[in-house]
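Pasting coords09.txt here (compact mmCIF, C-alpha atoms):
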```txt
# COMPACT_ATOMS: atom_id res chain seq x y z
CA MET A 1005 27.21 133.59 160.33
CA GLN A 1006 29.54 131.66 158.05
CA ASN A 1007 31.59 134.77 157.22
CA ILE A 1008 31.85 135.97 160.81
CA LEU A 1009 32.14 133.00 163.15
CA PRO A 1010 35.00 130.48 163.15
CA HIS A 1011 34.33 127.23 161.25
CA LEU A 1012 35.51 124.22 163.28
CA LEU A 1013 37.70 121.97 161.11
CA ARG A 1014 39.19 119.67 163.71
CA PHE A 1015 39.38 119.02 167.44
CA TYR A 1016 42.26 117.06 168.96
CA SER A 1017 44.04 116.55 172.25
CA GLY A 1018 46.80 114.02 171.64
CA GLU A 1019 49.40 116.34 173.11
CA GLY A 1020 47.37 116.75 176.27
CA LYS A 1021 45.80 120.09 175.39
CA PRO A 1022 42.33 120.54 173.85
CA ILE A 1023 42.82 122.33 170.52
CA LEU A 1024 40.17 123.84 168.23
CA VAL A 1025 41.45 124.12 164.64
CA SER A 1026 39.24 126.54 162.74
CA ARG A 1027 38.99 128.64 159.61
CA LYS A 1028 38.17 132.30 160.17
CA ASP A 1029 38.28 134.98 157.50
CA GLY A 1030 40.17 132.57 155.24
CA GLU A 1031 42.90 131.90 157.80
CA ILE A 1032 43.58 128.74 159.83
CA VAL A 1033 43.65 129.49 163.55
CA GLN A 1034 44.19 127.28 166.59
CA VAL A 1035 42.60 127.90 169.97
CA GLU A 1036 43.75 126.07 173.08
CA LEU A 1037 41.22 125.44 175.85
CA GLU A 1038 43.08 125.44 179.14
CA ALA A 1039 42.12 123.15 182.00
CA GLY A 1040 40.86 125.14 184.95
CA LYS A 1041 39.69 128.05 182.79
CA SER A 1042 36.04 128.96 182.29
CA GLU A 1043 34.62 128.74 178.75
CA ASP A 1044 31.31 129.70 177.13
CA ILE A 1045 31.08 128.19 173.64
CA ASN A 1046 27.96 127.74 171.53
CA PHE A 1047 27.88 125.74 168.30
CA SER A 1048 25.60 126.45 165.36
CA GLU A 1049 23.03 124.08 163.96
CA THR A 1050 24.38 125.08 160.55
CA ARG A 1051 27.07 122.76 159.22
CA ALA A 1052 29.34 123.12 156.19
CA CYS A 1053 32.03 120.97 154.59
CA ILE A 1054 35.39 121.39 156.32
CA GLY A 1055 37.36 120.85 153.10
CA TYR A 1056 40.34 118.53 153.27
CA ARG A 1057 43.80 118.23 154.77
CA THR A 1058 46.94 118.35 152.64
CA PRO A 1059 50.52 117.75 153.81
CA GLN A 1060 50.82 121.53 154.23
CA SER A 1061 47.49 122.78 155.53
CA TYR A 1062 43.68 122.65 155.27
CA ALA A 1063 42.13 123.32 151.85
CA PRO A 1064 38.61 124.78 151.62
CA CYS A 1065 35.75 122.91 149.97
CA SER A 1066 35.51 123.82 146.28
CA ASN A 1067 31.85 122.76 146.25
CA ASN A 1068 30.81 125.02 149.13
CA ALA A 1069 28.83 122.02 150.37
CA ILE A 1070 26.48 122.54 153.31
CA HIS A 1071 24.59 120.26 155.72
CA VAL A 1072 27.57 117.88 155.74
CA ARG A 1073 30.78 117.65 157.76
CA GLN A 1074 32.83 116.63 154.73
CA CYS A 1075 31.54 116.14 151.21
CA PRO A 1076 32.55 113.07 149.12
CA THR A 1077 34.91 115.14 146.94
CA CYS A 1078 36.87 116.47 149.91
CA SER A 1079 36.84 113.11 151.66
CA ALA A 1080 38.50 111.52 148.62
CA ARG A 1081 41.16 114.23 148.56
CA ASP A 1082 41.87 114.18 152.31
CA MET A 1083 45.28 112.87 153.31
CA ALA A 1084 43.63 111.26 156.33
CA ARG A 1085 43.20 108.25 154.02
CA VAL A 1086 46.98 107.85 154.15
CA TYR A 1087 46.80 107.09 157.86
CA THR A 1088 43.43 105.33 158.13
CA VAL A 1089 43.64 102.85 155.26
CA GLY A 1090 47.15 103.28 153.86
CA ASP A 1091 45.88 104.87 150.62
CA PHE A 1092 48.70 107.06 149.32
CA THR A 1093 46.95 107.88 146.02
CA GLY A 1094 47.73 111.51 145.24
CA PHE A 1095 50.46 111.68 147.88
CA PRO A 1096 53.53 110.00 146.34
CA GLN A 1097 55.91 112.24 148.28
CA VAL A 1098 54.27 111.18 151.54
CA TYR A 1099 54.65 107.52 150.56
CA GLU A 1100 58.37 107.93 149.88
CA GLU A 1101 58.86 109.34 153.36
CA ALA A 1102 56.57 106.72 154.93
CA LYS A 1103 58.71 103.88 153.56
CA LYS A 1104 61.55 105.10 155.78
CA GLU A 1105 59.46 105.17 158.97
CA GLU A 1106 58.63 102.47 161.49
CA TYR A 1107 54.94 101.61 161.83
CA CYS A 1108 53.29 99.65 164.58
CA LEU A 1109 50.20 97.50 164.93
CA TYR A 1110 48.53 98.13 168.28
CA LEU A 1111 45.65 97.09 170.46
CA ALA A 1112 43.72 99.81 172.30
CA GLY A 1113 41.24 99.20 175.12
CA PHE A 1114 38.15 101.30 175.82
CA GLY A 1115 36.32 100.67 179.07
CA SER A 1116 36.18 97.03 180.09
CA ASP A 1117 34.81 95.47 176.91
CA ILE A 1118 36.03 97.09 173.67
CA VAL A 1119 39.36 96.28 172.03
CA LYS A 1120 40.41 98.06 168.85
CA CYS A 1121 43.21 97.01 166.51
CA GLY A 1122 44.85 99.87 164.68
CA VAL A 1123 47.93 101.24 162.92
CA THR A 1124 50.12 104.26 163.58
CA ARG A 1125 53.67 105.40 163.16
CA LYS A 1126 55.58 103.97 166.10
CA GLU A 1127 56.92 107.32 167.26
CA ARG A 1128 53.31 108.53 167.57
CA PHE A 1129 51.99 105.49 169.46
CA GLU A 1130 51.42 107.14 172.85
CA GLU A 1131 50.11 110.35 171.31
CA ARG A 1132 47.73 108.30 169.16
CA MET A 1133 46.41 106.45 172.20
CA ARG A 1134 45.67 109.73 173.96
CA GLU A 1135 44.12 111.50 170.98
CA GLN A 1136 41.57 108.72 170.62
CA GLY A 1137 40.98 108.40 174.37
CA SER A 1138 42.26 104.84 174.84
CA ASP A 1139 42.30 103.55 178.41
CA PHE A 1140 45.00 100.94 177.66
CA GLY A 1141 47.36 100.38 174.75
CA CYS A 1142 49.93 97.82 173.62
CA VAL A 1143 52.15 97.53 170.55
CA VAL A 1144 51.83 94.00 169.15
CA ALA A 1145 53.99 94.23 166.00
CA SER A 1146 56.35 96.62 164.20
CA PHE A 1147 56.96 97.09 160.47
CA ARG A 1148 59.29 99.14 158.32
CA GLY A 1149 57.11 101.29 156.07
CA PRO A 1150 53.36 101.00 155.48
CA ASP A 1151 53.23 98.18 152.91
CA GLU A 1152 52.65 95.22 155.23
CA VAL A 1153 51.14 96.70 158.38
CA TYR A 1154 47.64 97.32 156.99
CA GLY A 1155 47.37 93.71 155.82
CA ALA A 1156 48.40 92.57 159.29
CA GLU A 1157 45.79 94.89 160.81
CA GLU A 1158 43.06 93.35 158.66
CA ALA A 1159 44.19 89.82 159.55
CA VAL A 1160 44.13 90.50 163.31
CA GLN A 1161 40.79 92.31 163.16
CA SER A 1162 39.26 89.46 161.19
CA ARG A 1163 40.70 86.69 163.36
CA PHE A 1164 39.68 88.17 166.72
CA SER A 1165 36.72 90.40 165.77
CA PHE A 1166 38.46 93.47 167.17
CA SER A 1167 37.00 96.87 166.31
CA ASN A 1168 38.38 98.86 163.41
CA ALA A 1169 36.91 102.06 164.86
CA VAL A 1170 35.12 102.99 168.07
CA ARG A 1171 32.28 105.51 167.93
CA LEU A 1172 32.42 108.43 170.33
CA GLN A 1173 29.00 107.48 171.68
CA GLN A 1174 30.56 104.17 172.76
CA LYS A 1175 33.45 105.99 174.41
CA ILE A 1176 31.16 108.38 176.26
CA ALA A 1177 29.15 105.42 177.56
CA ARG A 1178 32.42 104.02 178.98
CA LEU A 1179 33.78 107.09 180.73
CA ILE A 1180 33.07 105.31 184.03
CA PHE A 1181 34.20 101.68 184.34
CA ASP A 1182 35.92 99.21 186.64
CA LYS A 1183 39.61 99.70 185.96
CA GLY A 1184 40.70 96.36 187.44
CA THR A 1185 38.29 94.37 185.27
CA ALA A 1186 39.20 96.45 182.22
CA HIS A 1187 42.92 95.83 182.69
CA GLU A 1188 42.46 92.08 183.06
CA ASN A 1189 40.22 91.87 179.98
CA PHE A 1190 42.67 93.89 177.91
CA LYS A 1191 45.61 91.81 179.15
CA SER A 1192 43.72 88.65 178.08
CA ALA A 1193 43.15 90.11 174.60
CA VAL A 1194 46.84 90.93 174.21
CA GLU A 1195 47.84 87.45 175.37
CA MET A 1196 45.33 85.86 172.99
CA VAL A 1197 47.00 87.64 170.08
CA ARG A 1198 50.50 86.83 171.31
CA THR A 1199 49.87 83.08 171.56
CA SER A 1200 47.81 82.78 168.36
CA GLY A 1201 50.71 82.65 165.93
CA VAL A 1202 49.09 85.28 163.71
CA LEU A 1203 51.95 87.66 164.48
CA PRO A 1204 55.61 87.09 165.41
CA ASP A 1205 56.02 86.62 169.17
CA PHE A 1206 56.40 89.83 171.16
CA GLU A 1207 56.91 90.95 174.74
CA PRO A 1208 53.65 92.56 175.92
CA HIS A 1209 54.09 96.04 177.34
CA ILE A 1210 50.67 97.37 178.34
CA LEU A 1211 50.42 101.09 179.01
CA ASP A 1212 47.72 102.64 181.19
CA PHE A 1213 46.59 106.02 179.86
CA SER A 1214 43.94 106.77 182.49
CA PRO A 1215 46.21 109.21 184.43
CA PHE A 1216 46.04 111.56 181.43
CA TYR A 1217 42.26 111.94 181.66
CA PRO A 1218 40.10 113.73 184.25
CA ARG A 1219 38.57 111.57 186.97
CA LEU A 1220 34.80 111.63 186.57
CA HIS A 1221 31.82 110.61 188.65
CA SER A 1222 28.62 111.03 186.61
CA PRO A 1223 29.11 113.16 183.46
CA HIS A 1224 26.03 114.33 181.57
CA ARG A 1225 25.88 114.60 177.78
CA THR A 1226 25.56 118.11 176.30
CA TYR A 1227 26.19 120.01 173.06
CA SER A 1228 27.68 123.31 174.20
CA VAL A 1229 30.28 124.41 176.73
CA LEU A 1230 29.49 126.54 179.78
CA GLY A 1231 31.76 126.01 182.74
CA THR A 1232 35.29 125.15 183.82
CA ILE A 1233 37.32 122.97 181.49
CA LEU A 1234 38.36 119.71 183.16
CA GLY A 1235 40.25 118.30 180.19
CA THR A 1236 39.59 115.78 177.46
CA LYS A 1237 39.46 112.11 176.75
CA GLY A 1238 40.24 111.88 173.07
CA GLU A 1239 37.61 113.92 171.23
CA ILE A 1240 35.39 114.13 174.32
CA LEU A 1241 35.63 117.57 175.92
CA LEU A 1242 34.87 117.52 179.65
CA PHE A 1243 33.84 120.46 181.82
CA LYS A 1244 32.14 121.26 185.12
CA SER A 1245 29.30 123.73 185.54
CA GLU A 1246 29.09 126.35 188.28
CA GLY A 1247 26.73 123.98 190.09
CA GLY A 1248 29.40 121.27 190.14
CA LYS A 1249 27.85 118.94 187.53
CA GLU A 1250 30.19 117.22 185.08
CA PHE A 1251 29.46 117.35 181.36
CA ALA A 1252 30.81 115.65 178.25
CA VAL A 1253 30.70 117.09 174.74
CA ASN A 1254 31.21 114.90 171.66
CA MET A 1255 33.47 117.28 169.76
CA ARG A 1256 33.54 115.14 166.65
CA GLU A 1257 29.84 115.97 166.25
CA GLN A 1258 30.68 119.67 166.33
CA VAL A 1259 33.23 119.50 163.52
CA GLY A 1260 31.84 121.37 160.52
CA CYS A 1261 29.78 123.68 162.74
CA PHE A 1262 30.39 127.37 163.36
CA TYR A 1263 30.90 128.52 166.92
CA GLU A 1264 30.83 131.56 169.14
CA ARG A 1265 33.33 131.71 172.00
CA LYS A 1266 32.24 134.40 174.47
```

Please go through the file and, once you have read it, give me the structure as C-alpha cells.
Amino acid sequence: MQNILPHLLRFYSGEGKPILVSRKDGEIVQVELEAGKSEDINFSETRACIGYRTPQSYAPCSNNAIHVRQCPTCSARDMARVYTVGDFTGFPQVYEEAKKEEYCLYLAGFGSDIVKCGVTRKERFEERMREQGSDFGCVVASFRGPDEVYGAEEAVQSRFSFSNAVRLQQKIARLIFDKGTAHENFKSAVEMVRTSGVLPDFEPHILDFSPFYPRLHSPHRTYSVLGTILGTKGEILLFKSEGGKEFAVNMREQVGCFYERK
C-alpha cells in the first residue's frame, strides 16, 4: 500500500481551495478538491511519518517511522517551528529574510466562546485566518521582524488566558453557532486587550470570515469522503452525501495516512 497509494503530507485551504499535498512514487503532488464536484476518498488505518518541511520542499523521514504522523526527529527538523514558536535554529537564511518582514499579533475567534492569540506575517493575515478556520480575526499589534512578536504573544496569552492553539475537535463542535453573540464576545475580547495597556493602542478592525465557509445545518462527523464537496473551514473538509446529509472530516487526523481517490 505504501508504495502504491499517495501518502498525505498536508491538507490546507487558506487560499480558498482544498488542497491535498502528497508523496507518490517519490514525487510531491498536489490535488485540488473542487467545490461542487463528487469525490470518493478512503484513508488507510496505516500511518507513517510525513517527514519534514524545508524552505524548498518536503523531505522524507530518514527513520521510516510508522504508526506516527511525524516522528520526533522530523518534528525537530521541520521549519514549521519557525512560524509556530519563532525557532529559527537550522534556518539562518530564513531568519535573515524574516527580519525584513512585518509580523502581526492577532486575535482569532472560533464560535462564540474561543479566542486564540497568534502570530503571522502581516501579509498573510487573512490567509492565515482562513487556513485555520477562524470565524473572526483582528490584528492587535505589528512588529518589524520576529524578535519581539513572540514575547508579546506569550504576554497576551498569559494575561487574558487566550488559547495558543485550538483543536480541530473544538472547531468541529462549533461549526454551528450564533453569529451575533459570537461577534459581540469577540469584540469584547479585542476591546479588553486594547484598553489593558499590555500593547500599544490600536484601532480595532474586526474581519468576519464566515462568508468564506459553507453554510451548514447539522454536519455529521466521518472519516472518509463520499459525496459532493461543499468546501472547507480550515482543516475541516465538508461534503454532502447523495441523501443530502452534511458531513465533516477532520483532515488533520488523516495526515500521515495513505489514501485511495476513486

request  = With a distance cut-off of 12 Å and all atoms listed in the file, select the neighbouring residues of Ala1052 (chain A), excluding the residue or stretch itself and same-chain residues fewer than 4 positions from it, and output the selection as a count of residues only.
outcome  = 27

Using all atoms listed in the file and a cutoff of 8 Å, can you tell me which residues are near (48.7, 104.3, 163.9) in the file's coordinates, and write them out as number ranges by chain? A: 1087-1088, 1107-1110, 1122-1126, 1128-1129, 1132

Choose the residue, out of A:Gly1020, A:Gly1149, A:Pro1208, A:Gly1155, that has the smallest atom-to-atom separation from Glu1100 (chain A); count all atoms listed in the file.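 Looking only at the distances to Glu1100 (chain A), the closest residue turns out to be A:Gly1149.
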
Counting all atoms listed in the file, which residues of region 1117-1137 of chain A fall within 8 Å of region 1167-1173 of chain A, and what is the closest atom pair for each with its distance in Å at one decimal, ordered by chain and rising number, as a Markdown table?
```
| residue | atom | partner | partner_atom | distance |
| --- | --- | --- | --- | --- |
| A:Ile1118 | CA | A:Ser1167 | CA | 7.4 |
| A:Val1119 | CA | A:Ser1167 | CA | 6.2 |
| A:Lys1120 | CA | A:Ser1167 | CA | 4.4 |
| A:Cys1121 | CA | A:Asn1168 | CA | 6.0 |
| A:Gly1122 | CA | A:Asn1168 | CA | 6.7 |
```

Gly1115 (chain A) proximity check over A:Pro1096, A:Gly1141, A:Pro1223, A:Gly1247, using all atoms listed in the file: winner is A:Gly1141

One residue among A:Thr1077, A:Gly1248, A:Leu1241, A:Pro1215 is nearest to Leu1024 (chain A) when using all atoms listed in the file, and that residue is A:Leu1241

Box time for region 1024-1036 of chain A: axis-aligned, enclosing all its listed atoms, 5 Å extra on each side; report centre and edge lengths in Å to one decimal, as lines of an AutoDock Vina configuration file.
```
center_x = 41.2
center_y = 129.4
center_z = 164.2
size_x = 16.0
size_y = 21.1
size_z = 27.8
```

Would you please work out which residue, of A:Leu1211, A:Leu1230, A:Ala1080, A:Ile1240, is nearest to Asp1044 (chain A) when using all atoms listed in the file?
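Looking only at the distances to Asp1044 (chain A), the closest residue turns out to be A:Leu1230.
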
Could you check the closest approach to Arg1163 (chain A) for each of A:Val1197, A:Val1098, A:Val1144, A:Ile1176 and tell me which residue wins, using all atoms listed in the file?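 Using all atoms listed in the file, Arg1163 (chain A) sits closest to A:Val1197.
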
Min atom-atom distance to Val1086 (chain A) from the set A:Pro1059, A:Gly1030, A:Pro1204, A:Gly1235, counting all atoms listed in the file, belongs to A:Pro1059

Set the distance at 12 Å and use all atoms listed in the file: which residues neighbour Pro1022 (chain A) once local chain neighbours fewer than 5 positions away are removed? I'd like the list as an NGL selection string.
:A and (1014-1017 or 1034-1039 or 1041 or 1134-1135 or 1217 or 1233-1243 or 1255)

(request) Find the distance between CA of Leu1111 (chain A) and CA of Lys1175 (chain A) and write it in Å to one decimal. (result)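 Interatomic distance here is 15.6 Å.
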
- Query: Neighbours of Asn1046 (chain A) within 8 Å (only C-alpha atoms; same-chain residues fewer than 5 positions away dropped), as number ranges by chain?
  - Reply: A: 1228-1229, 1263-1265

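CA of Phe1213 (chain A) is positioned 21.3 Å from CA of Met1196 (chain A).
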
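The spacing separating CA of Glu1043 (chain A) from CA of Glu1246 (chain A) amounts to 11.3 Å.
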
Review point. Can you find the residues with an atom no farther than 9 Å from (23.3, 112.2, 175.5), counting all atoms listed in the file, and report them as a list of chain:residue names?
Key: A:Gln1173, A:Ile1176, A:His1224, A:Arg1225, A:Thr1226, A:Tyr1227, A:Ala1252, A:Val1253
